[in-house]
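Chemist: Before I ask anything, here is the structure I am working with.
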Amino acid sequence: MAATVRTSFRQSQAAPRKGLVTGLGRPAGLVVAIAVLAAVALAGLVLGSRHLPASSVFDALLRFDPADEAQTVIRSLRLPRTAIGLLTGLALGLAGAVMQGVSRNPLAEPGILGVNAGAALAVLTGVQFFGVTTLLGYVWFAFFGAGVAVVVVYLISSIGRDGATPVKLALAGTAVTALLASFTTLVQLLDVRTMDAYRAWSTGSLAGRGADIAAQVWPFVAVGAVLALVSGRVLNTLALGDDVARSLGENVTRARIVCGVAVMILAGAATAAAGPIVFIGLTVPHIARAIVGPDYRWILPYSAVLAPVLLLAADVVGRLVAAPAELQVGIVTALLGAPVFIALVRRKNLASL
Amino acid sequence: MTTYDVLLHVSRTRARVAGRKRAVTIGLALAALLAFCLSLSVGDFTISLLRVLPAAFGSGERGEVFVIQSLRLPRALLAVLVGAAFGMSGAVFQSLARNPLASPDVLGITAGGSLAAVMGLTLLGLSGLPLSLAATIGALLTAALIYGFAYRRGLSSYRLVLIGIGVGAVATALTQFFWTRAHTHDAASAALWLSGSLNGRGWENIEPVVLMLLVLIPVTLALGKQLNVLELGDDSATAVGVPVQRARLLLLVAGVALAGAGIGAAGPVAFVAFVSAPVARRLARSPGPALLLAALTGSVLVCVADLVGRTALASTEVSVGIITGIAGAPYLLWLLATTNSSGQGD
């Protein structure tokens, strides 16, 4: 059974695939993507449950007048929210791409490899046993939990013969997720008040996240992003298989550790900032791959730009469809991401990396 | 070695494997019976194992008969039935997709059932039989959706797993949505349901799952013979005359309905579907699907886990799903640590 999975990787590598754009199209496409990102970010500032004129957005950014209520809304609510969306999206996109590359597993995603579950359990532990009540308090617990989960999953799948193969990584992730989720449920059932505090956080959301959270999270995202972006060449080598990578002089273990650290920082910071958000880390690298082909030196920057586009767009949609209430962004990314993902899966060569 | 010696060796090996399988089957059945009797015996006050079976049939001290007949018997029966349903369902899925990840939990079918249940619970205030039916229908609809999306000139197991994960993520997100919107009281019952729980189950919860399993288990066992052939690959299966697509569809429906019956009765009990078949295969040391063994393994697991959950913490009853999650995961992790590169354990 697992053998089938592995053969499908090999077959896919036998036939080289091209993306939609090649050559100079790739940097040009990246510029277009960045422009789209800027447009979506601006739309996020303008659109919302209260419609504000675009002019006051520019005023708030360039010549801020604290007396103007619209500008205050933008400065104090929408700007930090957009900033967190940018940071979270970038982190999740890069984390997903690195995870898929390093594990050679098209299903690899923070959610599947246990990061969300680790963060969730840590947050809940903070609420129940350490009396944490503020979002700023959650951040550190979530970060810690996510990091521990990644390390545990990786260590467990590297014990034994052959080290961390794709199948073992995915299985270890599933097992650790289930284990952590059980403890999470156990803590939740102990106390209704804890459950209430937790369920507000448990659906990924950008609402009510202030500038202080963005300020705490961005250094982590920056470090993780640098680590991820420089590992493109290594991921290309790892894609050829461990044996080939070794014969090309790559230190496979060290490469995996570096990538693992990047994933831990990125996914942990994202989950800490916005709660568990599904599908961005899974879907975006596949979209990037469809555009630029299998070269990770391009997949990574494209993922870094496209993921916040998707996340911010989802946040805006969530604010508009349910106004004056709003849908949490985690739900919208699932609803928007799923059709894209399913369409990609049905095009036959998605499953391969 | 002459040809005769080789043939003799092969037939002896076959006989040994079949013999071991039979022995393991009997052993597991006895283990399930023992776990069942222990569930009847242990609780807030313990009733001697020797008096348990008579009391179940109505003879003995009146208080004990009451406790056993109306409180512990339905719950223990439910544990055995739910375990069998999940175990067999997981075995069907995993060997159908030839992928250890393809249990109904991973494929999103459990998530779909849970979504329907949480919607029914928080929006319509359903409970009991209607709630069970809602979960089963949700699982079936989700499976139909996954099948529809994944079908493209035949089914590839890989596409099935991917689409399943996608659909499952949506179902989980929507479940979260309804859960976060619910009143605290409803949210608490929904959380209990989602944890996979037999708490407070009585005779009224037994009937639907019994009726479903009376049909589903024999049908699945009969279809299981084709599963053996399907495992050889589509070409070989077609060559020996198995209508591959139809067999696969029927098995899929049977597997989903089994999972639906389990979710309907107890919620998504973690890990039982995922872990029963690998455990059973390891015990029997035989490759290929072992549906009956997986069902028995599931029964033992759920029964013992429910027993532990009831007695572990004095103050509160812990859901069976939490215990199976906590106990099942380390087993799988240990399996992974001692396994080969494909992560299969055998």
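Residue names in the structure tokens use chain letters A, B, ... in the order shown, residue numbers from 1 in each chain, and ligand numbers from 1 in the order shown.
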Gly44 of chain A: which residues within 8 Å, counting only C-alpha atoms, same-chain residues fewer than 2 positions away excluded, as a count of residues only?
Modeler: 12
Chemist: Can you check which residues of segment 153-309 of chain A DSSP gives as helix (DSSP H, G or I) on the backbone and send them as a PyMOL selection string?
Modeler: chain A and resi 153-158+166-190+192-202+211-230+232-238+242-247+252-274+280-292+296-309
Chemist: Got time to write the residues from that selection, C-alpha atoms, as a short mmCIF file (atom, residue, chain, number, x, y, z; two decimals), in the first residue's frame?
Modeler:
```
data_model
loop_
_atom_site.label_atom_id
_atom_site.label_comp_id
_atom_site.auth_asym_id
_atom_site.auth_seq_id
_atom_site.Cartn_x
_atom_site.Cartn_y
_atom_site.Cartn_z
CA VAL A 153 6.73 14.25 14.86
CA TYR A 154 10.07 14.56 13.17
CA LEU A 155 12.02 12.71 15.85
CA ILE A 156 9.54 9.84 16.01
CA SER A 157 9.53 9.38 12.28
CA SER A 158 13.32 9.38 12.15
CA PRO A 166 7.33 10.60 3.63
CA VAL A 167 4.92 7.88 4.72
CA LYS A 168 6.34 7.68 8.21
CA LEU A 169 6.20 11.47 8.58
CA ALA A 170 2.56 11.57 7.56
CA LEU A 171 1.66 8.66 9.84
CA ALA A 172 3.56 10.12 12.77
CA GLY A 173 1.82 13.45 12.17
CA THR A 174 -1.58 11.81 12.14
CA ALA A 175 -0.80 9.83 15.28
CA VAL A 176 0.54 12.80 17.22
CA THR A 177 -2.42 14.93 16.09
CA ALA A 178 -4.86 12.35 17.37
CA LEU A 179 -2.99 12.00 20.65
CA LEU A 180 -2.87 15.76 21.25
CA ALA A 181 -6.49 16.21 20.19
CA SER A 182 -7.52 13.63 22.77
CA PHE A 183 -5.79 15.53 25.55
CA THR A 184 -7.32 18.76 24.24
CA THR A 185 -10.79 17.26 24.44
CA LEU A 186 -10.07 15.90 27.89
CA VAL A 187 -9.05 19.32 29.24
CA GLN A 188 -12.05 20.90 27.54
CA LEU A 189 -14.50 18.50 29.10
CA LEU A 190 -13.12 19.22 32.55
CA VAL A 192 -17.04 24.58 30.65
CA ARG A 193 -15.45 28.01 31.17
CA THR A 194 -12.14 26.83 29.73
CA MET A 195 -14.00 25.37 26.78
CA ASP A 196 -15.69 28.70 26.13
CA ALA A 197 -12.41 30.62 26.19
CA TYR A 198 -10.80 28.04 23.95
CA ARG A 199 -13.49 27.79 21.32
CA ALA A 200 -13.25 31.53 20.61
CA TRP A 201 -9.63 31.00 19.62
CA SER A 202 -9.99 27.56 18.06
CA ALA A 211 -0.91 45.65 16.74
CA ASP A 212 0.85 44.22 19.79
CA ILE A 213 0.46 40.68 18.41
CA ALA A 214 1.84 41.71 15.03
CA ALA A 215 4.77 43.32 16.83
CA GLN A 216 5.45 40.11 18.77
CA VAL A 217 5.14 37.78 15.82
CA TRP A 218 6.94 39.52 12.97
CA PRO A 219 10.53 38.82 14.13
CA PHE A 220 9.75 35.09 14.19
CA VAL A 221 8.17 35.22 10.76
CA ALA A 222 11.15 37.16 9.41
CA VAL A 223 13.69 34.63 10.70
CA GLY A 224 11.60 31.68 9.49
CA ALA A 225 11.06 33.26 6.09
CA VAL A 226 14.78 33.82 5.55
CA LEU A 227 15.54 30.22 6.54
CA ALA A 228 12.80 28.95 4.22
CA LEU A 229 13.68 31.11 1.24
CA VAL A 230 17.34 30.11 1.25
CA GLY A 232 15.08 26.29 -2.19
CA ARG A 233 18.19 24.70 -3.69
CA VAL A 234 18.36 22.13 -0.92
CA LEU A 235 14.71 21.20 -1.42
CA ASN A 236 15.37 20.72 -5.14
CA THR A 237 18.15 18.30 -4.27
CA LEU A 238 16.08 16.46 -1.67
CA ASP A 242 17.89 10.83 -0.27
CA ASP A 243 20.40 8.64 -2.06
CA VAL A 244 20.83 10.95 -5.03
CA ALA A 245 20.94 13.97 -2.72
CA ARG A 246 23.70 12.32 -0.69
CA SER A 247 25.67 11.40 -3.79
CA VAL A 252 20.53 15.25 4.14
CA THR A 253 20.14 15.21 7.92
CA ARG A 254 21.38 18.76 8.33
CA ALA A 255 19.14 19.96 5.50
CA ARG A 256 16.12 18.33 7.15
CA ILE A 257 16.95 19.91 10.50
CA VAL A 258 17.27 23.39 9.02
CA CYS A 259 14.00 22.99 7.15
CA GLY A 260 12.33 21.60 10.27
CA VAL A 261 13.42 24.60 12.29
CA ALA A 262 12.05 26.92 9.61
CA VAL A 263 8.71 25.10 9.63
CA MET A 264 8.54 25.14 13.41
CA ILE A 265 9.13 28.89 13.57
CA LEU A 266 6.78 29.74 10.72
CA ALA A 267 3.89 27.47 11.51
CA GLY A 268 4.17 28.14 15.22
CA ALA A 269 4.15 31.90 14.77
CA ALA A 270 1.21 31.77 12.34
CA THR A 271 -0.88 29.52 14.56
CA ALA A 272 -0.04 31.61 17.58
CA ALA A 273 -1.11 34.81 15.86
CA ALA A 274 -4.33 33.70 14.23
CA ILE A 280 -3.41 27.72 3.15
CA GLY A 281 -0.27 25.69 3.78
CA LEU A 282 -1.68 22.76 1.84
CA THR A 283 -3.16 24.54 -1.17
CA VAL A 284 -0.89 27.46 -1.92
CA PRO A 285 2.31 25.50 -2.68
CA HIS A 286 0.30 23.38 -5.13
CA ILE A 287 -0.96 26.51 -6.86
CA ALA A 288 2.58 27.89 -6.96
CA ARG A 289 3.81 24.59 -8.38
CA ALA A 290 1.16 24.69 -11.08
CA ILE A 291 2.35 28.17 -12.06
CA VAL A 292 6.13 27.83 -11.95
CA TYR A 296 11.57 25.19 -5.24
CA ARG A 297 13.66 28.32 -5.75
CA TRP A 298 10.51 29.70 -7.43
CA ILE A 299 7.83 27.79 -5.53
CA LEU A 300 8.94 29.33 -2.24
CA PRO A 301 8.70 33.05 -3.18
CA TYR A 302 5.46 32.45 -5.07
CA SER A 303 4.00 30.68 -2.03
CA ALA A 304 5.14 33.53 0.20
CA VAL A 305 3.20 36.03 -1.92
CA LEU A 306 0.16 33.98 -2.93
CA ALA A 307 -0.64 32.71 0.57
CA PRO A 308 -1.30 36.17 2.06
CA VAL A 309 -3.32 37.02 -1.05
#
```
Chemist: Could you tell me how far atom CA of Leu335 of chain A lies from atom CA of Ile263 of chain B, in Å and to one decimal?
Modeler: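 Interatomic distance, atom CA of Leu335 of chain A to atom CA of Ile263 of chain B: 23.9 Å.
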Chemist: Which one is closest to Val340 of chain A: B:Val167, B:Val161, B:Val24, B:Ala280? Count only C-alpha atoms.
Modeler: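 The answer is B:Val167, which sits nearest to Val340 of chain A.
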Chemist: Would you list which chain B residues are within 6 Å of chain A using only C-alpha atoms, as a PyMOL selection string?
Modeler: chain B and resi 98-99+166+170+173+180+322+325-326+329+337-338+341-343
Chemist: Between atom CA of Arg181 of chain B and atom CA of Ala325 of chain A, measure the distance and give it in Å to one decimal.
Modeler: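 These atoms are spaced 11.4 Å apart.
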Chemist: Near segment 294-296 of chain B, counting only C-alpha atoms, which residues have an atom at most 9 Å away, once you skip same-chain residues fewer than 5 positions from it, shown as a list of chain:residue names?
Modeler: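 My reading of the contact set: B:Thr25, B:Leu28, B:Ala29, B:Ala31, B:Ala32, B:Val80, B:Leu81, B:Gly83, B:Ala84, B:Ala85, B:Phe86, B:Gly87, B:Met88, B:Ser89, B:Gly90, B:Ala91, B:Ala273, B:Val275, B:Ser276, B:Ala277, B:Pro278, B:Val279, B:Ala280, B:Arg281, B:Pro289, B:Leu301.
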Chemist: Which is closer to Ala190 of chain B than all the others in B:Ala171, B:Val215, B:Gly120, B:Ile146, using only C-alpha atoms?
Modeler: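 Nearest to Ala190 of chain B: B:Gly120.
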